[in-house]
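Coordinates as given in upload_19.txt (compact mmCIF, C-alpha atoms):
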```
# COMPACT_ATOMS: atom_id res chain seq x y z
CA MET N 520 -14.66 21.78 41.61
CA THR N 521 -16.51 18.56 40.91
CA GLN N 522 -16.31 14.90 41.85
CA ILE N 523 -17.48 13.64 38.48
CA PRO N 524 -14.71 11.64 36.83
CA ALA N 525 -13.28 12.98 33.61
CA PRO N 526 -15.41 12.01 30.63
CA LEU N 527 -14.26 8.94 28.78
CA ILE N 528 -12.24 9.83 25.74
CA GLU N 529 -12.23 8.13 22.40
CA GLU N 530 -9.05 6.19 22.88
CA ASP N 531 -10.32 4.60 26.09
CA LEU N 532 -13.57 3.77 24.41
CA ILE N 533 -12.17 2.42 21.18
CA ALA N 534 -10.26 -0.36 22.93
CA TYR N 535 -13.43 -1.06 24.94
CA PHE N 536 -15.57 -1.13 21.84
CA GLU N 537 -13.24 -3.46 19.96
CA GLY N 538 -12.93 -5.86 22.86
CA ALA N 539 -9.24 -5.18 23.32
CA LEU N 540 -9.29 -4.59 27.07
CA THR N 541 -8.70 -7.00 29.93
CA SER N 542 -11.90 -7.94 31.71
CA GLU N 543 -11.01 -5.66 34.63
CA GLU N 544 -10.44 -2.68 32.40
CA HIS N 545 -13.58 -3.53 30.51
CA ASP N 546 -15.65 -3.60 33.69
CA ARG N 547 -14.18 -0.34 34.85
CA ILE N 548 -15.29 1.40 31.64
CA THR N 549 -18.72 -0.25 31.77
CA ALA N 550 -19.21 1.16 35.24
CA ARG N 551 -18.44 4.66 34.05
CA LEU N 552 -20.67 4.50 30.99
CA ASP N 553 -23.94 4.93 32.89
CA ALA N 554 -22.98 8.45 33.89
CA ASP N 555 -21.68 9.38 30.45
CA PRO N 556 -24.43 9.74 27.86
CA GLN N 557 -22.01 11.19 25.34
CA ALA N 558 -19.87 8.09 25.55
CA GLN N 559 -22.97 5.97 25.09
CA ALA N 560 -23.90 7.97 22.01
CA LEU N 561 -20.41 7.50 20.65
CA LEU N 562 -20.55 3.74 21.10
CA ALA N 563 -23.95 3.68 19.40
CA ASP N 564 -22.51 5.62 16.46
CA TRP N 565 -19.62 3.23 16.11
CA THR N 566 -22.04 0.30 16.11
CA ALA N 567 -23.99 2.08 13.40
CA GLN N 568 -20.77 2.61 11.42
CA ASN N 569 -20.00 -1.09 11.54
CA ASP N 570 -23.57 -1.96 10.54
CA ALA N 571 -23.43 0.42 7.60
CA LEU N 572 -20.08 -0.94 6.42
CA GLN N 573 -21.27 -4.51 6.68
CA GLN N 574 -24.37 -3.67 4.67
CA LEU N 575 -22.40 -1.76 2.05
CA TYR N 576 -19.88 -4.54 1.60
CA PRO N 577 -21.65 -7.79 2.41
CA ALA N 578 -19.93 -11.14 2.55
CA PRO N 579 -19.38 -12.23 -1.05
CA ASP N 580 -21.14 -15.06 -2.81
CA PRO N 581 -19.36 -18.21 -1.59
CA ALA N 582 -18.87 -19.39 -5.19
CA LEU N 583 -15.47 -18.10 -6.27
CA PRO N 584 -15.11 -16.47 -9.68
CA ASP N 585 -13.16 -18.72 -12.04
CA ARG N 586 -10.29 -16.32 -12.37
CA LEU N 587 -9.62 -16.46 -8.64
CA THR N 588 -9.69 -20.24 -8.62
CA ARG N 589 -7.30 -20.21 -11.56
CA ALA N 590 -5.02 -17.73 -9.87
CA LEU N 591 -4.79 -20.08 -6.92
CA HIS N 592 -4.21 -23.30 -8.81
CA GLN N 593 -1.87 -22.41 -11.57
CA ALA N 594 1.72 -21.47 -11.09
CA ALA N 595 2.21 -19.29 -14.16
CA PRO N 596 0.44 -15.94 -13.94
CA PRO N 597 -2.45 -15.89 -16.40
CA THR N 598 -3.03 -13.05 -18.78
CA ALA N 599 -5.75 -10.91 -17.33
CA PRO N 600 -7.68 -8.69 -19.72
CA SER N 601 -9.15 -6.82 -16.77
CA TRP N 602 -5.76 -5.17 -16.26
CA GLN N 603 -6.09 -3.32 -19.55
CA GLY N 604 -6.67 -0.12 -17.60
CA TRP N 605 -3.36 -0.58 -15.88
CA ARG N 606 -1.59 -0.93 -19.19
CA ILE N 607 -2.97 2.43 -20.17
CA ALA N 608 -1.82 3.86 -16.88
CA VAL N 609 1.66 2.50 -17.60
CA MET N 610 1.68 4.35 -20.90
CA VAL N 611 0.57 7.52 -19.15
CA GLY N 612 3.33 6.96 -16.62
CA MET N 613 5.90 6.63 -19.37
CA LEU N 614 4.64 9.85 -20.86
CA ALA N 615 5.07 11.53 -17.49
CA ILE N 616 8.67 10.33 -17.30
CA GLY N 617 9.33 11.78 -20.74
CA THR N 618 7.70 15.07 -19.82
CA ALA N 619 9.53 15.41 -16.53
CA SER N 620 12.93 14.74 -18.02
CA GLY N 621 12.18 17.03 -20.94
CA TRP N 622 11.27 19.82 -18.58
CA ILE N 623 14.41 19.37 -16.57
CA ALA N 624 16.57 19.17 -19.66
CA HIS N 625 15.45 22.70 -20.51
CA GLY N 626 16.28 23.96 -17.07
CA VAL N 627 19.55 25.58 -16.13
CA ALA N 628 22.26 22.96 -15.89
CA ARG N 629 23.93 23.04 -12.52
CA PRO N 630 26.02 20.60 -10.56
CA GLY N 631 24.00 17.60 -9.55
CA GLN N 632 21.30 18.17 -12.15
CA ALA N 633 22.03 14.90 -13.91
CA GLN N 634 21.78 13.04 -10.62
CA VAL N 635 18.49 14.70 -9.74
CA VAL N 636 17.11 13.73 -13.13
CA LEU N 637 18.29 10.20 -12.53
CA ALA N 638 16.63 9.99 -9.11
CA GLN N 639 13.35 11.36 -10.46
CA ALA N 640 13.39 9.09 -13.48
CA ALA N 641 14.16 6.13 -11.21
CA MET N 642 11.26 6.91 -8.88
CA SER N 643 8.82 7.49 -11.74
CA ALA N 644 9.90 4.23 -13.34
CA HIS N 645 9.47 2.49 -10.00
CA ASP N 646 5.95 3.86 -9.51
CA THR N 647 5.07 2.91 -13.06
CA PHE N 648 6.29 -0.65 -13.05
CA VAL N 649 5.87 -1.98 -9.52
CA VAL N 650 2.11 -1.99 -10.05
CA GLU N 651 2.40 -4.02 -13.24
CA VAL N 652 1.00 -7.49 -12.94
CA VAL N 653 1.37 -9.07 -16.33
CA HIS N 654 4.64 -7.53 -17.48
CA PRO N 655 6.47 -5.94 -14.56
CA VAL N 656 9.70 -6.87 -16.33
CA GLU N 657 10.54 -7.26 -19.99
CA VAL N 658 12.87 -10.20 -19.48
CA ALA N 659 12.33 -12.50 -16.53
CA ALA N 660 15.16 -13.56 -14.26
CA THR N 661 14.62 -17.11 -15.47
CA GLN N 662 16.25 -16.03 -18.74
CA ARG N 663 19.19 -14.61 -16.96
CA ASP N 664 21.83 -15.10 -19.67
CA HIS N 665 19.62 -13.55 -22.28
CA MET N 666 18.75 -10.65 -19.98
CA ASP N 667 22.37 -9.89 -19.13
CA SER N 668 23.62 -9.96 -22.68
CA TRP N 669 20.71 -7.95 -24.02
CA MET N 670 20.85 -5.27 -21.33
CA SER N 671 24.65 -5.07 -21.52
CA LYS N 672 24.41 -4.56 -25.26
CA ARG N 673 21.74 -1.86 -24.98
CA MET N 674 23.56 -0.05 -22.19
CA GLY N 675 27.00 -0.40 -23.76
CA THR N 676 28.46 -1.66 -20.50
CA ASP N 677 28.59 -4.90 -18.60
CA MET N 678 25.24 -5.22 -16.82
CA ARG N 679 24.87 -7.83 -14.11
CA PRO N 680 22.16 -7.30 -11.49
CA PRO N 681 23.25 -7.71 -7.86
CA ASP N 682 21.98 -10.63 -5.81
CA LEU N 683 19.70 -9.52 -2.96
CA ASP N 684 18.48 -12.99 -1.97
CA ALA N 685 20.18 -12.70 1.40
CA ALA N 686 18.04 -9.64 2.12
CA GLY N 687 14.91 -11.54 1.12
CA PHE N 688 14.49 -9.88 -2.27
CA ARG N 689 14.50 -12.09 -5.33
CA LEU N 690 15.31 -10.78 -8.77
CA MET N 691 12.18 -10.77 -10.96
CA GLY N 692 13.89 -9.51 -14.10
CA GLY N 693 14.78 -6.37 -15.94
CA ARG N 694 13.82 -3.94 -18.64
CA ILE N 695 15.34 -1.14 -20.68
CA LEU N 696 13.84 2.35 -20.48
CA PRO N 697 14.52 5.54 -22.37
CA SER N 698 16.32 8.26 -20.44
CA ASP N 699 18.04 11.58 -21.03
CA SER N 700 21.37 9.82 -21.25
CA GLY N 701 20.27 7.01 -23.52
CA PRO N 702 18.90 3.61 -22.52
CA ALA N 703 18.63 2.98 -18.80
CA GLY N 704 18.29 -0.38 -17.09
CA LEU N 705 15.65 -1.21 -14.51
CA TYR N 706 15.82 -4.32 -12.36
CA MET N 707 12.94 -5.36 -10.17
CA TYR N 708 13.10 -7.45 -7.00
CA GLU N 709 10.32 -8.79 -4.82
CA ASN N 710 10.25 -10.19 -1.31
CA GLY N 711 8.03 -12.89 0.15
CA GLU N 712 5.35 -10.38 1.09
CA GLY N 713 4.93 -8.86 -2.33
CA GLN N 714 6.97 -5.79 -1.60
CA ARG N 715 8.89 -4.66 -4.65
CA ILE N 716 12.03 -2.61 -5.01
CA THR N 717 13.79 -1.48 -8.16
CA LEU N 718 17.36 -0.71 -9.13
CA TYR N 719 17.74 1.88 -11.86
CA VAL N 720 21.02 2.21 -13.72
CA SER N 721 21.83 4.82 -16.32
CA ASN N 722 24.90 6.05 -18.12
CA GLN N 723 26.26 9.22 -16.55
CA PRO N 724 29.49 9.84 -18.43
CA GLY N 725 31.79 12.47 -16.93
CA GLN N 726 30.01 12.56 -13.56
CA SER N 727 32.35 12.14 -10.64
CA ASP N 728 31.76 9.38 -8.12
CA SER N 729 29.51 10.37 -5.26
CA ALA N 730 28.27 9.28 -1.88
CA PHE N 731 24.70 8.05 -1.38
CA ARG N 732 22.07 10.73 -1.71
CA PHE N 733 18.48 10.48 -0.65
CA ALA N 734 15.39 11.58 -2.55
CA THR N 735 11.70 11.12 -2.00
CA GLN N 736 8.57 11.46 -4.10
CA GLY N 737 5.38 10.78 -2.20
CA ASP N 738 5.87 7.47 -0.40
CA THR N 739 8.53 6.41 -2.85
CA GLN N 740 12.08 6.82 -1.64
CA SER N 741 15.37 6.52 -3.40
CA LEU N 742 19.03 6.28 -2.55
CA TYR N 743 21.18 7.19 -5.52
CA TRP N 744 24.84 7.56 -6.29
CA ASN N 745 27.38 7.78 -9.09
CA ASP N 746 30.18 5.40 -9.70
CA ALA N 747 32.46 4.84 -12.69
CA ASP N 748 30.37 6.79 -15.21
CA LEU N 749 27.16 5.07 -14.16
CA GLY N 750 24.34 6.45 -12.02
CA TYR N 751 22.47 4.09 -9.71
CA ALA N 752 19.23 4.48 -7.79
CA VAL N 753 17.71 1.95 -5.40
CA VAL N 754 14.01 2.73 -5.06
CA GLY N 755 11.36 1.44 -2.70
CA ASP N 756 8.61 2.30 -0.27
CA MET N 757 10.22 1.39 3.04
CA PRO N 758 11.97 3.02 6.01
CA ARG N 759 15.22 4.70 5.09
CA PRO N 760 17.53 2.36 7.07
CA ALA N 761 16.06 -0.68 5.31
CA LEU N 762 16.55 0.95 1.94
CA ARG N 763 20.06 1.94 2.94
CA ALA N 764 20.90 -1.67 3.85
CA LEU N 765 19.77 -2.77 0.40
CA ALA N 766 21.72 0.01 -1.31
CA ASP N 767 24.83 -1.09 0.59
CA ARG N 768 24.42 -4.61 -0.73
CA VAL N 769 24.00 -3.31 -4.26
CA TYR N 770 27.03 -1.06 -3.96
CA ASP N 771 29.23 -3.83 -2.55
CA GLN N 772 28.42 -6.13 -5.44
CA LEU N 773 28.84 -3.61 -8.21
CA ILE N 774 32.33 -2.61 -7.20
CA MET I 1004 -4.93 -28.60 5.38
CA THR I 1005 -2.53 -27.76 2.57
CA ALA I 1006 -1.31 -24.22 2.24
CA LEU I 1007 -3.34 -23.74 -0.93
CA ASN I 1008 -6.47 -24.91 0.81
CA GLU I 1009 -5.78 -22.59 3.67
CA ILE I 1010 -5.26 -19.69 1.29
CA GLU I 1011 -8.53 -20.60 -0.40
CA SER I 1012 -10.34 -20.50 2.91
CA HIS I 1013 -9.33 -16.85 3.33
CA ILE I 1014 -10.45 -15.73 -0.13
CA PRO I 1015 -13.96 -14.67 0.98
CA ALA I 1016 -12.44 -12.38 3.63
CA LEU I 1017 -9.92 -11.00 1.14
CA ARG I 1018 -12.67 -10.35 -1.40
CA ARG I 1019 -14.89 -8.57 1.06
CA TYR I 1020 -12.05 -6.38 2.25
CA ALA I 1021 -10.83 -5.65 -1.30
CA HIS I 1022 -14.39 -4.84 -2.40
CA ALA I 1023 -14.60 -2.22 0.34
CA LEU I 1024 -11.10 -0.85 -0.30
CA MET I 1025 -11.77 -0.40 -4.01
CA ARG I 1026 -15.49 0.33 -3.51
CA ASP I 1027 -16.11 -1.88 -6.51
CA LEU I 1028 -16.60 -5.63 -6.63
CA ASP I 1029 -14.72 -6.23 -9.89
CA ALA I 1030 -11.84 -3.93 -9.02
CA GLY I 1031 -11.71 -5.68 -5.66
CA ASP I 1032 -11.52 -9.08 -7.36
CA ASP I 1033 -8.72 -7.74 -9.58
CA LEU I 1034 -6.83 -6.90 -6.42
CA VAL I 1035 -7.53 -10.32 -4.90
CA GLN I 1036 -6.47 -12.08 -8.10
CA ASP I 1037 -3.21 -10.20 -8.07
CA CYS I 1038 -2.73 -10.97 -4.38
CA LEU I 1039 -3.34 -14.69 -4.97
CA GLU I 1040 -0.90 -14.87 -7.86
CA ARG I 1041 1.76 -13.29 -5.73
CA ALA I 1042 0.96 -15.41 -2.72
CA VAL I 1043 1.15 -18.65 -4.70
CA ALA I 1044 4.44 -17.56 -6.27
CA ALA I 1045 5.89 -16.48 -2.92
CA LEU I 1046 4.60 -19.46 -0.94
CA PRO I 1047 7.78 -21.58 -1.27
CA SER I 1048 9.90 -18.77 0.15
CA ARG I 1049 7.49 -17.82 2.92
CA ARG I 1050 8.75 -18.29 6.44
CA PRO I 1051 6.23 -20.48 8.19
CA ASP I 1052 6.04 -18.26 11.27
CA GLY I 1053 3.11 -15.95 11.83
CA SER I 1054 -0.41 -16.12 10.54
CA LEU I 1055 -1.02 -17.02 6.93
CA LYS I 1056 -4.09 -14.79 6.95
CA ALA I 1057 -2.13 -11.73 8.08
CA TRP I 1058 0.48 -12.52 5.43
CA LEU I 1059 -2.20 -12.62 2.72
CA PHE I 1060 -3.65 -9.32 3.90
CA ARG I 1061 -0.17 -7.77 3.88
CA ILE I 1062 0.29 -8.82 0.25
CA LEU I 1063 -3.13 -7.44 -0.64
CA ILE I 1064 -2.44 -4.19 1.18
CA ASN I 1065 0.98 -3.81 -0.45
CA ARG I 1066 -0.69 -4.12 -3.84
CA HIS I 1067 -3.34 -1.60 -2.85
CA ARG I 1068 -0.62 0.84 -1.85
CA ASP I 1069 1.08 0.36 -5.21
CA ILE I 1070 -2.14 1.12 -7.05
CA LEU I 1071 -2.99 4.16 -4.97
CA ARG I 1072 0.48 5.59 -5.19
CA ARG I 1073 -0.08 6.17 -8.85
CA THR I 1074 -3.66 7.34 -8.41
CA ALA I 1075 -2.52 9.81 -5.80
CA ARG I 1076 0.03 11.21 -8.17
CA ALA I 1077 -2.80 12.10 -10.49
CA GLY I 1078 -3.59 14.68 -7.84
CA HIS I 1079 -7.23 14.15 -6.99
CA LEU I 1080 -6.82 12.57 -3.59
CA VAL I 1081 -6.65 15.15 -0.85
CA ALA I 1082 -5.97 14.58 2.82
CA ILE I 1083 -9.17 14.70 4.80
CA GLU I 1084 -7.88 17.50 6.99
CA ASN I 1085 -7.78 19.73 3.92
CA LEU I 1086 -11.30 19.11 2.79
CA PRO I 1087 -14.14 21.41 3.68
CA VAL I 1088 -16.59 19.41 5.73
CA GLU I 1089 -19.93 19.47 4.03
CA PRO I 1090 -22.88 19.59 6.39
CA ALA I 1091 -24.53 16.22 6.24
CA THR I 1092 -28.10 15.40 7.05
CA PRO I 1093 -28.21 13.36 10.23
CA ALA I 1094 -28.81 9.75 9.37
CA GLY I 1095 -31.82 7.87 10.61
CA GLN I 1096 -34.90 8.74 8.60
CA ASP I 1097 -33.84 7.05 5.46
CA GLY I 1098 -31.61 4.04 5.79
CA HIS I 1099 -30.66 4.05 2.16
CA MET I 1100 -29.54 7.66 2.24
CA ALA I 1101 -27.56 6.99 5.39
CA LEU I 1102 -25.78 4.13 3.69
CA ARG I 1103 -24.90 6.24 0.67
CA GLU I 1104 -23.64 8.89 3.01
CA THR I 1105 -21.41 6.43 4.82
CA GLU I 1106 -20.18 5.14 1.49
CA ALA I 1107 -19.25 8.63 0.37
CA ALA I 1108 -17.60 9.35 3.70
CA ILE I 1109 -15.54 6.17 3.51
CA ALA I 1110 -14.39 7.19 0.07
CA ARG I 1111 -13.02 10.40 1.50
CA LEU I 1112 -11.10 8.85 4.37
CA PRO I 1113 -7.33 8.87 4.02
CA ASP I 1114 -6.23 5.48 2.70
CA ASP I 1115 -4.38 4.39 5.82
CA GLN I 1116 -7.42 5.14 7.98
CA ARG I 1117 -9.76 3.32 5.59
CA ARG I 1118 -7.55 0.22 5.60
CA ALA I 1119 -7.50 0.24 9.40
CA LEU I 1120 -11.22 0.76 9.89
CA LEU I 1121 -12.28 -1.86 7.36
CA LEU I 1122 -10.10 -4.53 8.96
CA VAL I 1123 -12.01 -4.32 12.23
CA ALA I 1124 -15.42 -3.31 10.91
CA LEU I 1125 -15.69 -5.96 8.18
CA GLU I 1126 -13.30 -8.64 9.30
CA GLY I 1127 -13.72 -8.33 13.02
CA ALA I 1128 -9.93 -8.40 13.21
CA SER I 1129 -8.39 -8.01 16.66
CA PHE I 1130 -6.01 -5.10 17.24
CA ASP I 1131 -3.08 -7.51 17.07
CA GLU I 1132 -4.25 -9.08 13.82
CA ALA I 1133 -4.97 -5.72 12.23
CA ALA I 1134 -1.65 -4.23 13.33
CA ALA I 1135 0.14 -7.29 11.90
CA ALA I 1136 -1.70 -6.99 8.59
CA LEU I 1137 -0.82 -3.30 8.34
CA GLU I 1138 2.72 -3.80 9.67
CA ILE I 1139 2.37 -1.04 12.24
CA PRO I 1140 2.60 -1.00 16.06
CA LYS I 1141 -0.61 -1.67 17.93
CA GLY I 1142 -0.67 1.84 19.43
CA THR I 1143 -0.38 3.39 15.99
CA PHE I 1144 -3.19 1.18 14.81
CA MET I 1145 -5.46 2.26 17.67
CA SER I 1146 -4.99 5.96 17.08
CA ARG I 1147 -5.45 5.48 13.35
CA LEU I 1148 -8.68 3.62 13.95
CA ALA I 1149 -9.87 6.31 16.36
CA ARG I 1150 -9.14 9.00 13.78
CA ALA I 1151 -11.00 7.05 11.11
CA ARG I 1152 -14.08 6.66 13.29
CA ALA I 1153 -13.98 10.32 14.34
CA ALA I 1154 -13.59 11.52 10.73
CA LEU I 1155 -16.48 9.34 9.66
CA ARG I 1156 -18.70 10.83 12.38
CA THR I 1157 -17.71 14.34 11.38
CA MET I 1158 -18.43 13.72 7.74
CA THR I 1159 -21.80 12.18 8.44
CA GLY I 1160 -22.81 15.00 10.76
CA ARG I 1161 -22.70 12.89 13.89
CA ALA I 1162 -19.85 14.62 15.69
CA ASP I 1163 -22.03 16.71 17.96
CA SER I 1164 -19.56 16.80 20.79
CA VAL I 1165 -16.34 18.73 20.44
CA ARG I 1166 -14.74 17.58 23.65
CA ARG I 1167 -13.95 14.05 22.58
CA LYS I 1168 -10.59 14.49 21.11
CA THR I 1169 -8.04 11.74 20.95
CA HIS I 1170 -4.87 11.94 23.01
CA GLU I 1171 -2.68 13.27 20.23
```

What's the C-alpha cells form of this structure?
Amino acid sequence: MTQIPAPLIEEDLIAYFEGALTSEEHDRITARLDADPQAQALLADWTAQNDALQQLYPAPDPALPDRLTRALHQAAPPTAPSWQGWRIAVMVGMLAIGTASGWIAHGVARPGQAQVVLAQAAMSAHDTFVVEVVHPVEVAATQRDHMDSWMSKRMGTDMRPPDLDAAGFRLMGGRILPSDSGPAGLYMYENGEGQRITLYVSNQPGQSDSAFRFATQGDTQSLYWNDADLGYAVVGDMPRPALRALADRVYDQLI
Amino acid sequence: MTALNEIESHIPALRRYAHALMRDLDAGDDLVQDCLERAVAALPSRRPDGSLKAWLFRILINRHRDILRRTARAGHLVAIENLPVEPATPAGQDGHMALRETEAAIARLPDDQRRALLLVALEGASFDEAAAALEIPKGTFMSRLARARAALRTMTGRADSVRRKTHE
C-alpha cells in the first residue's frame, strides 16, 4: 500500500513532549516529526495549553500570607474563619443524613434493611466529617478517658475504639451522631499522608451476627457487619483489600 | 535544612497548584493551609523515604478529593464524556478570549485529569514525580494526561484530526 510509517499517536508524542523518553527514543520521534504535520500541530497545541495554564495560574507572590506561615509554625491547628462555608456544608450534610434515613424508615422493612441504613449513614457521616478541618471530631483522642466514658454513656454500651496504629492509622477522636436506632458513634483515624478513615458504630438490637458486607457510594466504600447487637461500618476511600485489612483489625479487637 | 524549612520551600508550588485546582486564589490557599496543618501534624510519623514534595502534594490532593467528594454529591459535576461539546471559536485572534476559553475548559475536565495535567503543565513535574504525587502507576498517569490534553483540545475547538486516538 504505502511506505509511509504509521502516523505518530498521542501516547508516543506525550512522552516525547514531556521529556520522558530515552535520548534514542526521543531522536527516533524527532526524525519522524518532519513528515507528520499533524503531529507537529499537536505538539504546538500542547505548548499553547501549557502557556495558557501558566498565564492563568502564575507563580504566586513570594510573600506568604500570614495564615500559611502560622499553619507551618504552630503545632495546634488555628481556628480558620475562612472555613465557615465548610461548616455550612457540614450542616447540609447532616440534613442529608436525616433525610436519607427518614426516607428509608418509611420504606418496606425487609431483611437487611437496618444494615443498609447503617452502611448509608456511615458513608454519609464519613463524607461529611472527613473534610472537616477545625472540628473533625467532637472529642480528641488526647482526652481518651473522657471520650470513652462519654461515648459509652451515650451509646449505652462499652465503647472503646480499636487501635489501628500498626496499620498506620492514628485515632483522631470520636463523636456521637443521631441515627435511626438512637445515638451512633463515629471514630476517625488518619494516616501519615492525610488519608482518613472512619468507624461507625450503632445499636442494632435483635439483628443477628453477620459476615462482612460491602457497600459503595461514589468513591466512598464501606465494609459493614453486625455483631452482638451492634452494627459496625469501616469507611474509607481506598482499594477494597486495604479496607478489608483494616476491618479485620477492627473486628479482631472488638471481639 | 530542617523539615519545616523544606516544607516552606515547597509552599509556592503548592499554592500555584492549589490555585489552579480550585480556580480561586483564596480557596487554593485554604487548601494549602489545611495541607500544611496536616503535614506539620503528621511530620513526626512520616517515614523518611521518598520525596517530601511528593508527600506534600499527596496530602494536598487527598484533601482536594475530600472536598470534591461532597461537591460531586451535590450533583452538578458531570463526566466530560457526557457533556455536549460546545463549538468553540478557534483561539488565536484574541489572547484574552483564548485564555478564558482554556480556563472554562479546564473547569470542565474530570478531576483526575485536571490534577494530572496541572502537575506537569504548572509544576513541570516528571512522569515519575506526578505518578508518585497521584499514587498511580506511571502508565495510568500517561494515559490520563493524554486524555486530559485531548479533551482540552476538543473543548477549545482544536481537535481537527480524528485519527489521533490514544491506545485505549

Check: Any idea which chain I residues end up within 8 Å of chain N if we count all atoms listed in the file, as a ChimeraX atom specification please?
Finding: /I:1007,1011,1015-1016,1018-1019,1022-1023,1032-1033,1035-1037,1039-1046,1048-1049,1058,1061-1062,1065-1066,1069-1070,1072-1073,1102,1105-1106,1121,1123-1125,1129-1130,1145-1146,1149,1152,1156,1161,1164,1167-1170

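The two atoms in question, CA of Ala761 in chain N and CA of Ala1136 in chain I, are spaced 19.1 Å apart.
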
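Coordinates place CA of Leu1059 in chain I at a distance of 21.2 Å from CA of Arg1147 in chain I.
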
Checklist line | Distance in Å - CA of Leu1034 in chain I versus CA of Ile1109 in chain I | finding: 18.6 Å

Next item on the list: Could you give me, as number ranges by chain, the residues within 7 Å of range 730-733 of chain N, counting only C-alpha atoms and dropping anything in the same chain fewer than 5 positions from it?
Entry: N: 741-744

Go ahead and save the picked residues with C-alpha atoms, as a PDB file, in the coordinates of the input.
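Final output, saved to out-v2.pdb:
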```pdb
ATOM      1  CA  SER N 741      15.370   6.520  -3.400  1.00  0.00           C
ATOM      2  CA  LEU N 742      19.030   6.280  -2.550  1.00  0.00           C
ATOM      3  CA  TYR N 743      21.180   7.190  -5.520  1.00  0.00           C
ATOM      4  CA  TRP N 744      24.840   7.560  -6.290  1.00  0.00           C
TER       5      TRP N 744
END
```

Next item on the list: Within 6 Å of (23.2, 0.4, -9.2) (coordinates as in the file), grab all the protein and nucleic acid residues, counting only C-alpha atoms, and write them out as a VMD selection string.
Entry: chain N and resid 718 720 751 to 752

Notebook entry, point to check: Counting only C-alpha atoms, what is within 10 Å of Trp669 in chain N, bar same-chain residues fewer than 6 positions away, as a PyMOL selection string?
Noted result: chain N and resi 658+663+675+678+694-695

What box, with edges along x, y and z, holds each listed atom of range 575-594 of chain N when 5 Å is added on every side, and can you state its centre and edge lengths in Å to one decimal, as lines of an AutoDock Vina configuration file?
```
center_x = -10.3
center_y = -12.5
center_z = -4.9
size_x = 34.1
size_y = 31.5
size_z = 24.9
```

Next item on the list: Have a look at N:Ala686, N:Met691, N:Ala747, N:Val769 and name the one nearest to Gln723 in chain N; count all atoms listed in the file.
Entry: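 Selected residue with least distance to Gln723 in chain N: N:Ala747.
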